[in-house]
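Source file: coords_23.cif; contents: mmCIF, C-alpha atoms.
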data_work
loop_
_atom_site.label_atom_id
_atom_site.label_comp_id
_atom_site.auth_asym_id
_atom_site.auth_seq_id
_atom_site.Cartn_x
_atom_site.Cartn_y
_atom_site.Cartn_z
CA MET A 279 -21.56 12.99 5.49
CA ASN A 280 -22.00 10.92 8.64
CA TYR A 281 -20.83 7.37 8.76
CA ASP A 282 -20.41 5.01 11.70
CA LEU A 283 -16.73 4.26 11.10
CA ASP A 284 -16.38 2.58 14.49
CA SER A 285 -18.66 -0.25 13.37
CA ALA A 286 -16.22 -1.03 10.54
CA VAL A 287 -13.11 -1.19 12.76
CA LYS A 288 -12.48 -4.70 14.09
CA LYS A 289 -11.06 -4.92 17.60
CA ILE A 290 -8.77 -7.91 17.99
CA PRO A 291 -7.55 -8.77 21.51
CA ASN A 292 -4.00 -10.07 22.08
CA PHE A 293 -2.54 -9.10 18.69
CA PRO A 294 0.28 -8.82 17.77
CA LYS A 295 1.01 -9.90 21.33
CA GLU A 296 -0.69 -10.75 24.64
CA GLY A 297 -2.45 -7.81 26.31
CA ILE A 298 -2.59 -5.56 23.24
CA LEU A 299 -5.93 -4.60 21.68
CA PHE A 300 -5.40 -4.32 17.92
CA TYR A 301 -7.56 -1.94 15.87
CA ASP A 302 -7.92 -3.61 12.49
CA ILE A 303 -8.69 -1.38 9.49
CA THR A 304 -9.40 -4.33 7.16
CA GLY A 305 -13.05 -4.02 8.16
CA ILE A 306 -13.05 -0.55 6.55
CA LEU A 307 -11.40 -1.93 3.41
CA MET A 308 -14.01 -4.65 3.00
CA LYS A 309 -16.89 -2.13 3.14
CA PRO A 310 -16.75 0.09 0.03
CA GLU A 311 -19.01 2.70 1.67
CA ALA A 312 -16.65 2.93 4.67
CA PHE A 313 -13.54 3.24 2.49
CA ASP A 314 -15.32 5.84 0.34
CA HIS A 315 -16.23 7.77 3.47
CA VAL A 316 -12.57 7.87 4.59
CA ILE A 317 -11.18 8.95 1.22
CA ASN A 318 -13.90 11.57 0.71
CA LYS A 319 -13.18 13.01 4.17
CA MET A 320 -9.49 13.19 3.27
CA VAL A 321 -10.26 14.99 -0.01
CA GLU A 322 -12.39 17.50 1.90
CA LEU A 323 -9.62 18.06 4.47
CA TYR A 324 -6.75 18.52 2.03
CA LYS A 325 -8.08 19.79 -1.31
CA ASP A 326 -7.46 23.47 -0.51
CA LYS A 327 -4.21 23.16 1.46
CA ASN A 328 -1.78 23.80 -1.41
CA LEU A 329 0.08 20.57 -0.69
CA THR A 330 2.81 19.54 -3.12
CA SER A 331 2.87 15.79 -2.36
CA ILE A 332 1.29 12.97 -0.38
CA ALA A 333 3.81 10.86 1.57
CA CYS A 334 2.49 7.38 2.33
CA VAL A 335 3.99 5.29 5.11
CA GLU A 336 4.59 1.58 4.42
CA SER A 337 2.48 -0.34 4.13
CA ARG A 338 -1.08 0.46 5.24
CA GLY A 339 -0.49 4.16 4.60
CA PHE A 340 -0.26 3.26 0.90
CA ILE A 341 -3.90 2.11 0.93
CA PHE A 342 -5.26 5.49 2.04
CA GLY A 343 -2.63 7.82 0.58
CA ALA A 344 -2.72 6.57 -3.01
CA PRO A 345 -6.45 7.13 -3.66
CA LEU A 346 -6.19 10.58 -2.07
CA ALA A 347 -3.24 11.49 -4.29
CA LYS A 348 -5.20 10.39 -7.36
CA GLU A 349 -8.20 12.50 -6.35
CA LEU A 350 -6.02 15.58 -5.70
CA GLY A 351 -3.70 15.06 -8.69
CA LEU A 352 -0.61 15.10 -6.45
CA PRO A 353 2.62 13.03 -6.48
CA ILE A 354 2.87 9.99 -4.20
CA VAL A 355 6.04 9.73 -2.09
CA LEU A 356 6.79 6.33 -0.55
CA VAL A 357 8.16 6.24 3.00
CA ARG A 358 9.53 2.70 3.22
CA LYS A 359 11.32 0.36 5.57
CA ALA A 360 15.07 -0.13 5.14
CA GLY A 361 16.40 -1.69 1.96
CA LYS A 362 13.26 -1.48 -0.19
CA LEU A 363 13.97 1.68 -2.20
CA PRO A 364 16.64 1.84 -4.91
CA GLY A 365 18.78 4.84 -5.84
CA ASP A 366 19.92 7.74 -3.66
CA ILE A 367 17.98 7.79 -0.41
CA TYR A 368 17.48 9.73 2.78
CA LYS A 369 17.33 7.47 5.81
CA ARG A 370 16.45 7.96 9.44
CA SER A 371 16.53 5.53 12.34
CA TYR A 372 14.22 5.68 15.35
CA LYS A 373 13.70 3.77 18.54
CA LEU A 374 11.20 0.97 18.99
CA GLU A 375 10.13 -0.60 22.27
CA TYR A 376 12.93 -3.09 21.71
CA GLY A 377 15.67 -2.08 19.29
CA GLU A 378 15.52 0.28 16.35
CA ALA A 379 13.89 0.73 12.97
CA VAL A 380 14.92 2.63 9.85
CA ILE A 381 12.76 4.43 7.29
CA GLU A 382 13.85 5.68 3.89
CA VAL A 383 12.71 8.03 1.11
CA GLN A 384 14.22 8.48 -2.33
CA LYS A 385 16.08 11.79 -2.63
CA SER A 386 14.40 12.48 -5.97
CA ASP A 387 11.01 12.47 -4.21
CA ILE A 388 11.70 15.46 -1.95
CA ASN A 389 12.26 19.00 -3.16
CA SER A 390 13.21 21.98 -1.07
CA GLY A 391 10.07 23.96 -0.26
CA ASP A 392 7.68 21.03 -0.59
CA LYS A 393 4.56 21.08 1.58
CA VAL A 394 3.91 17.46 2.46
CA LEU A 395 1.01 15.52 3.97
CA LEU A 396 2.05 12.32 5.79
CA VAL A 397 -0.53 9.51 5.66
CA ASP A 398 -0.73 6.37 7.76
CA ASP A 399 -3.56 4.13 8.90
CA LEU A 400 -3.08 4.47 12.67
CA LEU A 401 -1.28 6.85 15.02
CA ALA A 402 -0.04 5.21 18.22
CA THR A 403 3.22 6.52 19.72
CA GLY A 404 3.94 8.45 16.50
CA GLY A 405 7.56 7.30 16.37
CA THR A 406 7.59 6.39 12.69
CA LEU A 407 5.86 9.58 11.60
CA GLN A 408 8.15 11.68 13.80
CA ALA A 409 11.19 10.13 12.13
CA ALA A 410 9.60 10.76 8.73
CA THR A 411 8.90 14.40 9.66
CA HIS A 412 12.55 14.93 10.63
CA MET A 413 13.70 13.30 7.40
CA PHE A 414 11.58 15.66 5.28
CA HIS A 415 12.73 18.69 7.27
CA GLU A 416 16.38 17.78 6.80
CA ALA A 417 15.75 17.66 3.06
CA GLY A 418 14.35 21.21 3.14
CA ALA A 419 10.69 20.23 2.89
CA GLN A 420 7.90 20.95 5.33
CA VAL A 421 5.44 18.43 6.76
CA THR A 422 2.40 20.65 7.22
CA ASP A 423 -0.18 17.94 7.88
CA ILE A 424 -0.42 14.42 9.25
CA PHE A 425 -3.40 12.14 8.71
CA ALA A 426 -4.31 8.76 10.17
CA VAL A 427 -7.66 7.03 10.08
CA ILE A 428 -7.36 5.91 13.73
CA GLY A 429 -5.68 7.66 16.67
CA LEU A 430 -4.70 6.26 20.07
CA PRO A 431 -4.25 9.54 21.99
CA PHE A 432 -3.34 7.80 25.27
CA LEU A 433 -0.01 6.95 23.62
CA ASN A 434 0.72 10.69 23.42
CA PHE A 435 1.51 11.10 19.74
CA LYS A 436 0.32 14.75 19.71
CA GLU A 437 3.27 16.06 21.72
CA LYS A 438 5.65 14.83 18.98
CA PHE A 439 4.11 17.04 16.29
CA LYS A 440 4.17 20.63 17.51
CA GLY A 441 3.27 23.04 14.70
CA ILE A 442 1.87 20.31 12.48
CA LYS A 443 -1.87 19.85 11.94
CA VAL A 444 -2.66 16.25 12.97
CA THR A 445 -6.03 14.78 11.99
CA THR A 446 -7.53 11.40 12.89
CA LEU A 447 -11.06 10.33 11.97
CA ILE A 448 -11.69 8.16 15.00
CA ASP A 449 -9.92 7.91 18.38
CA TYR A 450 -9.84 5.01 20.80
CA HIS A 451 -9.06 5.28 24.49
CA ASP A 452 -8.67 1.66 25.56
CA GLU A 453 -5.18 1.13 26.79
CA GLU A 454 -5.58 -2.58 27.31
CA ILE A 455 -8.09 -5.32 26.87
CA MET B 281 -5.59 7.42 -24.06
CA ASN B 282 -1.94 7.05 -24.97
CA TYR B 283 0.75 7.70 -22.46
CA ASP B 284 4.47 6.95 -22.58
CA LEU B 285 4.55 4.86 -19.41
CA ASP B 286 8.08 3.64 -20.15
CA SER B 287 9.45 7.16 -19.66
CA ALA B 288 8.09 7.13 -16.08
CA VAL B 289 9.67 3.78 -15.12
CA LYS B 290 13.13 4.21 -13.63
CA LYS B 291 15.64 1.48 -14.48
CA ILE B 292 18.09 0.92 -11.63
CA PRO B 293 21.08 -1.37 -12.27
CA ASN B 294 22.36 -3.71 -9.55
CA PHE B 295 19.34 -3.51 -7.22
CA PRO B 296 18.49 -5.26 -4.97
CA LYS B 297 21.69 -7.12 -5.88
CA GLU B 298 24.55 -7.15 -8.36
CA GLY B 299 23.53 -8.03 -11.92
CA ILE B 300 19.79 -7.35 -11.50
CA LEU B 301 18.09 -4.52 -13.38
CA PHE B 302 15.34 -3.15 -11.13
CA TYR B 303 12.23 -1.56 -12.69
CA ASP B 304 11.19 1.14 -10.26
CA ILE B 305 7.54 2.24 -10.27
CA THR B 306 8.15 5.26 -8.01
CA GLY B 307 8.66 7.31 -11.18
CA ILE B 308 5.01 6.58 -12.05
CA LEU B 309 3.89 7.55 -8.54
CA MET B 310 5.65 10.91 -8.70
CA LYS B 311 3.93 11.85 -11.99
CA PRO B 312 0.19 12.32 -11.34
CA GLU B 313 -0.62 12.00 -15.05
CA ALA B 314 1.21 8.64 -15.21
CA PHE B 315 -0.54 7.31 -12.10
CA ASP B 316 -3.87 8.55 -13.45
CA HIS B 317 -3.18 6.78 -16.72
CA VAL B 318 -2.56 3.47 -14.93
CA ILE B 319 -5.64 3.65 -12.70
CA ASN B 320 -7.88 4.76 -15.59
CA LYS B 321 -6.63 1.83 -17.70
CA MET B 322 -7.43 -0.52 -14.81
CA VAL B 323 -10.94 0.91 -14.48
CA GLU B 324 -11.49 0.41 -18.21
CA LEU B 325 -10.21 -3.19 -18.02
CA TYR B 326 -12.23 -4.28 -14.99
CA LYS B 327 -15.39 -2.18 -14.73
CA ASP B 328 -17.58 -4.68 -16.61
CA LYS B 329 -16.10 -7.93 -15.34
CA ASN B 330 -18.52 -8.57 -12.46
CA LEU B 331 -15.68 -8.87 -9.96
CA THR B 332 -16.59 -9.21 -6.30
CA SER B 333 -13.31 -7.98 -4.76
CA ILE B 334 -9.86 -6.54 -5.47
CA ALA B 335 -7.04 -8.44 -3.76
CA CYS B 336 -3.92 -6.31 -3.32
CA VAL B 337 -0.53 -7.89 -2.76
CA GLU B 338 1.71 -6.32 -0.08
CA SER B 339 2.98 -3.78 -0.37
CA ARG B 340 3.20 -2.07 -3.78
CA GLY B 341 0.03 -3.82 -4.90
CA PHE B 342 -1.82 -1.72 -2.31
CA ILE B 343 -0.88 1.46 -4.20
CA PHE B 344 -2.61 0.41 -7.42
CA GLY B 345 -5.35 -1.84 -6.05
CA ALA B 346 -6.85 0.60 -3.52
CA PRO B 347 -7.65 3.44 -5.96
CA LEU B 348 -9.13 0.90 -8.40
CA ALA B 349 -11.35 -0.56 -5.67
CA LYS B 350 -12.57 2.94 -4.79
CA GLU B 351 -13.40 3.70 -8.43
CA LEU B 352 -15.27 0.40 -8.86
CA GLY B 353 -16.92 0.41 -5.40
CA LEU B 354 -15.51 -3.02 -4.55
CA PRO B 355 -14.04 -4.46 -1.32
CA ILE B 356 -10.25 -4.46 -0.84
CA VAL B 357 -8.69 -7.74 0.27
CA LEU B 358 -5.14 -7.55 1.67
CA VAL B 359 -2.71 -10.32 0.73
CA ARG B 360 0.03 -9.88 3.31
CA LYS B 361 3.31 -11.34 4.43
CA ALA B 362 3.33 -13.68 7.43
CA GLY B 363 2.32 -12.34 10.84
CA LYS B 364 0.76 -9.04 9.77
CA LEU B 365 -2.93 -9.97 9.74
CA PRO B 366 -4.91 -10.64 12.93
CA GLY B 367 -7.78 -13.09 13.36
CA ASP B 368 -8.46 -16.33 11.48
CA ILE B 369 -6.30 -16.55 8.40
CA TYR B 370 -5.57 -18.65 5.36
CA LYS B 371 -1.86 -19.05 4.76
CA ARG B 372 0.23 -20.46 1.95
CA SER B 373 3.98 -20.91 1.67
CA TYR B 374 5.92 -20.79 -1.58
CA LYS B 375 9.50 -21.15 -2.71
CA LEU B 376 11.89 -18.29 -3.23
CA GLU B 377 15.26 -18.45 -4.95
CA TYR B 378 16.69 -19.13 -1.50
CA GLY B 379 14.30 -20.36 1.17
CA GLU B 380 10.59 -19.84 1.47
CA ALA B 381 7.98 -17.13 1.97
CA VAL B 382 4.46 -17.17 3.40
CA ILE B 383 1.44 -15.10 2.42
CA GLU B 384 -1.79 -14.74 4.35
CA VAL B 385 -5.37 -13.54 3.90
CA GLN B 386 -8.06 -13.11 6.54
CA LYS B 387 -10.73 -15.81 6.29
CA SER B 388 -13.47 -13.19 6.62
CA ASP B 389 -12.21 -11.56 3.40
CA ILE B 390 -12.92 -14.55 1.11
CA ASN B 391 -16.37 -15.92 0.37
CA SER B 392 -17.17 -19.02 -1.63
CA GLY B 393 -18.04 -17.98 -5.18
CA ASP B 394 -16.06 -14.73 -5.13
CA LYS B 395 -14.59 -13.55 -8.43
CA VAL B 396 -11.31 -11.91 -7.52
CA LEU B 397 -8.82 -9.66 -9.29
CA LEU B 398 -5.24 -9.94 -7.96
CA VAL B 399 -3.23 -6.70 -8.21
CA ASP B 400 0.52 -6.21 -7.90
CA ASP B 401 2.98 -3.70 -9.30
CA LEU B 402 5.26 -6.11 -11.17
CA LEU B 403 5.05 -9.69 -12.43
CA ALA B 404 8.41 -11.50 -12.50
CA THR B 405 8.42 -15.24 -11.78
CA GLY B 406 4.82 -15.00 -10.53
CA GLY B 407 5.52 -17.10 -7.43
CA THR B 408 3.71 -14.88 -4.97
CA LEU B 409 0.64 -14.46 -7.15
CA GLN B 410 0.53 -18.18 -7.87
CA ALA B 411 0.51 -18.92 -4.14
CA ALA B 412 -2.23 -16.30 -3.68
CA THR B 413 -4.27 -17.88 -6.48
CA HIS B 414 -4.06 -21.29 -4.83
CA MET B 415 -5.05 -19.81 -1.49
CA PHE B 416 -8.19 -18.21 -2.96
CA HIS B 417 -9.11 -21.41 -4.81
CA GLU B 418 -8.80 -23.46 -1.62
CA ALA B 419 -11.24 -21.05 0.03
CA GLY B 420 -13.78 -21.64 -2.76
CA ALA B 421 -13.17 -18.36 -4.58
CA GLN B 422 -12.02 -17.87 -8.15
CA VAL B 423 -9.15 -15.64 -9.29
CA THR B 424 -10.45 -14.62 -12.71
CA ASP B 425 -7.94 -11.84 -13.44
CA ILE B 426 -4.43 -10.79 -12.55
CA PHE B 427 -3.06 -7.29 -13.13
CA ALA B 428 0.43 -5.85 -12.82
CA VAL B 429 1.70 -2.55 -14.16
CA ILE B 430 4.98 -4.12 -15.36
CA GLY B 431 5.64 -7.62 -16.69
CA LEU B 432 8.94 -9.43 -17.16
CA PRO B 433 7.80 -12.20 -19.55
CA PHE B 434 11.28 -13.76 -19.82
CA LEU B 435 10.76 -15.02 -16.26
CA ASN B 436 7.85 -17.12 -17.58
CA PHE B 437 5.05 -16.02 -15.26
CA LYS B 438 2.37 -16.74 -17.89
CA GLU B 439 2.71 -20.52 -17.64
CA LYS B 440 1.73 -20.36 -13.95
CA PHE B 441 -1.69 -18.85 -14.65
CA LYS B 442 -3.53 -21.10 -17.09
CA GLY B 443 -7.19 -20.10 -17.38
CA ILE B 444 -6.65 -16.71 -15.73
CA LYS B 445 -6.61 -13.47 -17.73
CA VAL B 446 -3.25 -11.82 -17.00
CA THR B 447 -2.77 -8.18 -18.00
CA THR B 448 0.36 -6.01 -17.79
CA LEU B 449 0.57 -2.47 -19.13
CA ILE B 450 4.24 -2.56 -20.08
CA ASP B 451 6.66 -5.46 -20.59
CA TYR B 452 10.44 -5.46 -20.39
CA HIS B 453 12.71 -8.01 -21.98
CA ASP B 454 16.10 -7.26 -20.46
CA GLU B 455 17.29 -10.23 -18.53
CA GLU B 456 20.37 -8.51 -17.20
CA ILE B 457 22.15 -5.22 -17.31
#

Please express what this file holds, its structure, as structure tokens.
Amino acid sequence: MNYDLDSAVKKIPNFPKEGILFYDITGILMKPEAFDHVINKMVELYKDKNLTSIACVESRGFIFGAPLAKELGLPIVLVRKAGKLPGDIYKRSYKLEYGEAVIEVQKSDINSGDKVLLVDDLLATGGTLQAATHMFHEAGAQVTDIFAVIGLPFLNFKEKFKGIKVTTLIDYHDEEI
Amino acid sequence: MNYDLDSAVKKIPNFPKEGILFYDITGILMKPEAFDHVINKMVELYKDKNLTSIACVESRGFIFGAPLAKELGLPIVLVRKAGKLPGDIYKRSYKLEYGEAVIEVQKSDINSGDKVLLVDDLLATGGTLQAATHMFHEAGAQVTDIFAVIGLPFLNFKEKFKGIKVTTLIDYHDEEI
């Protein structure tokens, strides 16, 4: 099952701001064979891991996490930005380059003892997924695996996830344009 | 293929503000058999329609549109809020109760002659999907179908989509709590 995923990833200079090279997954979404490749790889990776739920990080994580959850017959947990989820919620704030962000999960979506896979499209500094991991741990669940289609290892996300199996399908090493 | 979808929809009073009854699809996401039911219904509805792409509206539309696109082997087009998409974009503003919102699509994701299905989780006033429809039409594509899991027909979305086949799986008629 080889597929040239790199050819489907668009590289956009100076987005969202000057000097940043943006890796755009919409090229994967527009090529059904590329999207199929990604989801099939995910199924292969996670079908025998005894996971109890797939946690999808807003909003591009939804695109990859939902089809996987359907294939595996597992519940979908939404990890959302502040103010989007109704009912009783867990929340966790984390630092951004400038300021702070908050993520939330509904309390009814996490059970003690859960074994959770976190899904996002791209792993850069890993700040959001680290906050999500802490949130699940506080609720008595375990994040056993993290998946992102693209990884930017020069931003050192790996050191944030000791003891968790982190998988990316393609890594880029360009720090700047 | 009968399934009591209503039992999976959580009804949350006073969210996102006082006096509003919020229909929460996370209950569907947490029940694999409910999510399966929705996606299978969508496949049945759209497999023989000769669609060329599935346009998913940020962000809950991604959850239902992406698995459908995988099943049908069709490209996924992201309809996003302002500032999220890189590259050349179409944009369209539309009125909210207070103020204005903007949606965007990458130009490379729409081809003249496309037959597009728009997917979202819930149809209320239909303002966002109407703006998306206009945006696709301006680009020479045709929105032939609109799908949402939940419809709130008392907010009169149907009158905005003359000539387009609009399908919802479950309708609610409660205007207030």

Chain A least-squares fitted onto chain B over all paired Cα atoms, as a CSV table (one decimal) with C-alpha atoms, in the frame of the given file:
chain,number,residue,atom,x,y,z
A,279,MET,CA,-5.6,7.4,-24.0
A,280,ASN,CA,-1.9,7.0,-25.0
A,281,TYR,CA,0.7,7.7,-22.5
A,282,ASP,CA,4.5,7.0,-22.6
A,283,LEU,CA,4.6,4.9,-19.4
A,284,ASP,CA,8.1,3.6,-20.2
A,285,SER,CA,9.5,7.2,-19.7
A,286,ALA,CA,8.1,7.1,-16.1
A,287,VAL,CA,9.7,3.8,-15.1
A,288,LYS,CA,13.1,4.2,-13.6
A,289,LYS,CA,15.6,1.5,-14.5
A,290,ILE,CA,18.1,0.9,-11.6
A,291,PRO,CA,21.1,-1.4,-12.3
A,292,ASN,CA,22.4,-3.7,-9.5
A,293,PHE,CA,19.3,-3.5,-7.2
A,294,PRO,CA,18.5,-5.3,-5.0
A,295,LYS,CA,21.7,-7.1,-5.8
A,296,GLU,CA,24.5,-7.1,-8.3
A,297,GLY,CA,23.5,-8.0,-11.9
A,298,ILE,CA,19.8,-7.3,-11.5
A,299,LEU,CA,18.1,-4.5,-13.4
A,300,PHE,CA,15.3,-3.1,-11.1
A,301,TYR,CA,12.2,-1.6,-12.7
A,302,ASP,CA,11.2,1.2,-10.3
A,303,ILE,CA,7.5,2.2,-10.3
A,304,THR,CA,8.2,5.3,-8.0
A,305,GLY,CA,8.7,7.3,-11.2
A,306,ILE,CA,5.0,6.6,-12.0
A,307,LEU,CA,3.9,7.6,-8.5
A,308,MET,CA,5.7,10.9,-8.7
A,309,LYS,CA,3.9,11.9,-12.0
A,310,PRO,CA,0.2,12.3,-11.3
A,311,GLU,CA,-0.6,12.0,-15.1
A,312,ALA,CA,1.2,8.6,-15.2
A,313,PHE,CA,-0.5,7.3,-12.1
A,314,ASP,CA,-3.9,8.6,-13.4
A,315,HIS,CA,-3.2,6.8,-16.7
A,316,VAL,CA,-2.5,3.5,-14.9
A,317,ILE,CA,-5.6,3.7,-12.7
A,318,ASN,CA,-7.9,4.8,-15.6
A,319,LYS,CA,-6.6,1.8,-17.7
A,320,MET,CA,-7.4,-0.5,-14.8
A,321,VAL,CA,-10.9,0.9,-14.5
A,322,GLU,CA,-11.5,0.4,-18.2
A,323,LEU,CA,-10.2,-3.2,-18.0
A,324,TYR,CA,-12.2,-4.3,-15.0
A,325,LYS,CA,-15.4,-2.2,-14.7
A,326,ASP,CA,-17.6,-4.7,-16.6
A,327,LYS,CA,-16.1,-7.9,-15.3
A,328,ASN,CA,-18.5,-8.6,-12.5
A,329,LEU,CA,-15.7,-8.9,-10.0
A,330,THR,CA,-16.6,-9.2,-6.3
A,331,SER,CA,-13.3,-8.0,-4.8
A,332,ILE,CA,-9.9,-6.5,-5.5
A,333,ALA,CA,-7.0,-8.4,-3.8
A,334,CYS,CA,-3.9,-6.3,-3.3
A,335,VAL,CA,-0.5,-7.9,-2.7
A,336,GLU,CA,1.7,-6.3,-0.1
A,337,SER,CA,3.0,-3.8,-0.4
A,338,ARG,CA,3.2,-2.1,-3.8
A,339,GLY,CA,0.0,-3.8,-4.9
A,340,PHE,CA,-1.8,-1.7,-2.3
A,341,ILE,CA,-0.9,1.5,-4.2
A,342,PHE,CA,-2.6,0.4,-7.4
A,343,GLY,CA,-5.4,-1.8,-6.0
A,344,ALA,CA,-6.8,0.6,-3.5
A,345,PRO,CA,-7.6,3.4,-6.0
A,346,LEU,CA,-9.1,0.9,-8.4
A,347,ALA,CA,-11.3,-0.6,-5.7
A,348,LYS,CA,-12.6,2.9,-4.8
A,349,GLU,CA,-13.4,3.7,-8.4
A,350,LEU,CA,-15.3,0.4,-8.8
A,351,GLY,CA,-16.9,0.4,-5.4
A,352,LEU,CA,-15.5,-3.0,-4.6
A,353,PRO,CA,-14.0,-4.5,-1.3
A,354,ILE,CA,-10.3,-4.4,-0.8
A,355,VAL,CA,-8.7,-7.7,0.3
A,356,LEU,CA,-5.2,-7.6,1.7
A,357,VAL,CA,-2.7,-10.3,0.7
A,358,ARG,CA,0.0,-9.9,3.3
A,359,LYS,CA,3.3,-11.3,4.4
A,360,ALA,CA,3.3,-13.7,7.4
A,361,GLY,CA,2.3,-12.4,10.8
A,362,LYS,CA,0.8,-9.0,9.8
A,363,LEU,CA,-2.9,-10.0,9.7
A,364,PRO,CA,-4.9,-10.6,12.9
A,365,GLY,CA,-7.8,-13.1,13.4
A,366,ASP,CA,-8.5,-16.3,11.5
A,367,ILE,CA,-6.3,-16.6,8.4
A,368,TYR,CA,-5.6,-18.7,5.4
A,369,LYS,CA,-1.9,-19.1,4.8
A,370,ARG,CA,0.2,-20.5,2.0
A,371,SER,CA,4.0,-20.9,1.7
A,372,TYR,CA,5.9,-20.8,-1.6
A,373,LYS,CA,9.5,-21.2,-2.7
A,374,LEU,CA,11.9,-18.3,-3.2
A,375,GLU,CA,15.3,-18.5,-4.9
A,376,TYR,CA,16.7,-19.1,-1.5
A,377,GLY,CA,14.3,-20.4,1.2
A,378,GLU,CA,10.6,-19.9,1.5
A,379,ALA,CA,8.0,-17.1,2.0
A,380,VAL,CA,4.5,-17.2,3.4
A,381,ILE,CA,1.4,-15.1,2.4
A,382,GLU,CA,-1.8,-14.7,4.4
A,383,VAL,CA,-5.4,-13.5,3.9
A,384,GLN,CA,-8.0,-13.1,6.5
A,385,LYS,CA,-10.7,-15.8,6.3
A,386,SER,CA,-13.5,-13.2,6.6
A,387,ASP,CA,-12.2,-11.6,3.4
A,388,ILE,CA,-12.9,-14.5,1.1
A,389,ASN,CA,-16.4,-15.9,0.4
A,390,SER,CA,-17.2,-19.0,-1.6
A,391,GLY,CA,-18.0,-18.0,-5.2
A,392,ASP,CA,-16.1,-14.7,-5.1
A,393,LYS,CA,-14.6,-13.6,-8.4
A,394,VAL,CA,-11.3,-11.9,-7.5
A,395,LEU,CA,-8.8,-9.7,-9.3
A,396,LEU,CA,-5.2,-9.9,-8.0
A,397,VAL,CA,-3.2,-6.7,-8.2
A,398,ASP,CA,0.5,-6.2,-7.9
A,399,ASP,CA,3.0,-3.7,-9.3
A,400,LEU,CA,5.3,-6.1,-11.2
A,401,LEU,CA,5.1,-9.7,-12.4
A,402,ALA,CA,8.4,-11.5,-12.5
A,403,THR,CA,8.4,-15.2,-11.8
A,404,GLY,CA,4.8,-15.0,-10.5
A,405,GLY,CA,5.5,-17.1,-7.4
A,406,THR,CA,3.7,-14.9,-5.0
A,407,LEU,CA,0.6,-14.5,-7.2
A,408,GLN,CA,0.5,-18.2,-7.9
A,409,ALA,CA,0.5,-18.9,-4.1
A,410,ALA,CA,-2.2,-16.3,-3.7
A,411,THR,CA,-4.3,-17.9,-6.5
A,412,HIS,CA,-4.1,-21.3,-4.8
A,413,MET,CA,-5.1,-19.8,-1.5
A,414,PHE,CA,-8.2,-18.2,-3.0
A,415,HIS,CA,-9.1,-21.4,-4.8
A,416,GLU,CA,-8.8,-23.5,-1.6
A,417,ALA,CA,-11.2,-21.1,0.0
A,418,GLY,CA,-13.8,-21.6,-2.7
A,419,ALA,CA,-13.2,-18.4,-4.6
A,420,GLN,CA,-12.0,-17.9,-8.1
A,421,VAL,CA,-9.2,-15.6,-9.3
A,422,THR,CA,-10.4,-14.6,-12.7
A,423,ASP,CA,-8.0,-11.8,-13.4
A,424,ILE,CA,-4.4,-10.8,-12.6
A,425,PHE,CA,-3.1,-7.3,-13.1
A,426,ALA,CA,0.4,-5.8,-12.8
A,427,VAL,CA,1.7,-2.6,-14.2
A,428,ILE,CA,5.0,-4.1,-15.4
A,429,GLY,CA,5.6,-7.6,-16.7
A,430,LEU,CA,8.9,-9.4,-17.2
A,431,PRO,CA,7.8,-12.2,-19.6
A,432,PHE,CA,11.3,-13.8,-19.8
A,433,LEU,CA,10.8,-15.0,-16.3
A,434,ASN,CA,7.8,-17.1,-17.6
A,435,PHE,CA,5.1,-16.0,-15.3
A,436,LYS,CA,2.4,-16.8,-17.9
A,437,GLU,CA,2.7,-20.5,-17.6
A,438,LYS,CA,1.7,-20.4,-13.9
A,439,PHE,CA,-1.7,-18.9,-14.6
A,440,LYS,CA,-3.5,-21.1,-17.1
A,441,GLY,CA,-7.2,-20.1,-17.4
A,442,ILE,CA,-6.6,-16.7,-15.7
A,443,LYS,CA,-6.6,-13.5,-17.7
A,444,VAL,CA,-3.2,-11.8,-17.0
A,445,THR,CA,-2.8,-8.2,-18.0
A,446,THR,CA,0.4,-6.0,-17.8
A,447,LEU,CA,0.6,-2.5,-19.1
A,448,ILE,CA,4.2,-2.6,-20.1
A,449,ASP,CA,6.7,-5.5,-20.6
A,450,TYR,CA,10.4,-5.5,-20.4
A,451,HIS,CA,12.7,-8.0,-22.0
A,452,ASP,CA,16.1,-7.2,-20.5
A,453,GLU,CA,17.3,-10.2,-18.5
A,454,GLU,CA,20.4,-8.5,-17.2
A,455,ILE,CA,22.1,-5.2,-17.3

* Asked: Excluding same-chain residues fewer than 4 positions from A:Leu447, what lies within 12 Å of it counting only C-alpha atoms, as a count of residues only?
  -> 25

* **Separation of atom CA of A:Leu396 from atom CA of A:Met308 in Å** => 23.5 Å

* If you count only C-alpha atoms, which residues fall within 9 Å of A:Asp302, apart from same-chain ones fewer than 2 positions away, as a PyMOL selection string? -> (chain A and resi 286-290+300+304-306) or (chain B and resi 365-366)

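Of note, atom CA of B:Asn391 and atom CA of B:Thr448 are spaced 26.6 Å apart.
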
Explicit residue set for the PyMOL selection byres ((chain A and resi 391-393) around 6), as a tab-separated table (two decimals) with C-alpha atoms, in the frame of the given file:
chain	number	residue	atom	x	y	z
A	329	LEU	CA	0.08	20.57	-0.69
A	330	THR	CA	2.81	19.54	-3.12
A	389	ASN	CA	12.26	19.00	-3.16
A	390	SER	CA	13.21	21.98	-1.07
A	394	VAL	CA	3.91	17.46	2.46
A	419	ALA	CA	10.69	20.23	2.89
A	420	GLN	CA	7.90	20.95	5.33
A	421	VAL	CA	5.44	18.43	6.76

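Atom to atom, atom CA of A:Tyr324 and atom CA of B:Leu354 stand 24.2 Å apart.
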
* To do: Would you kindly translate the PyMOL selection byres ((chain B) within 10 of (chain A)) into the concrete residues it picks from this file, as a PyMOL selection string?
  => chain B and resi 290-296+302-304+306-316+319+333-334+336+338-358+360+363-367+386+388-389
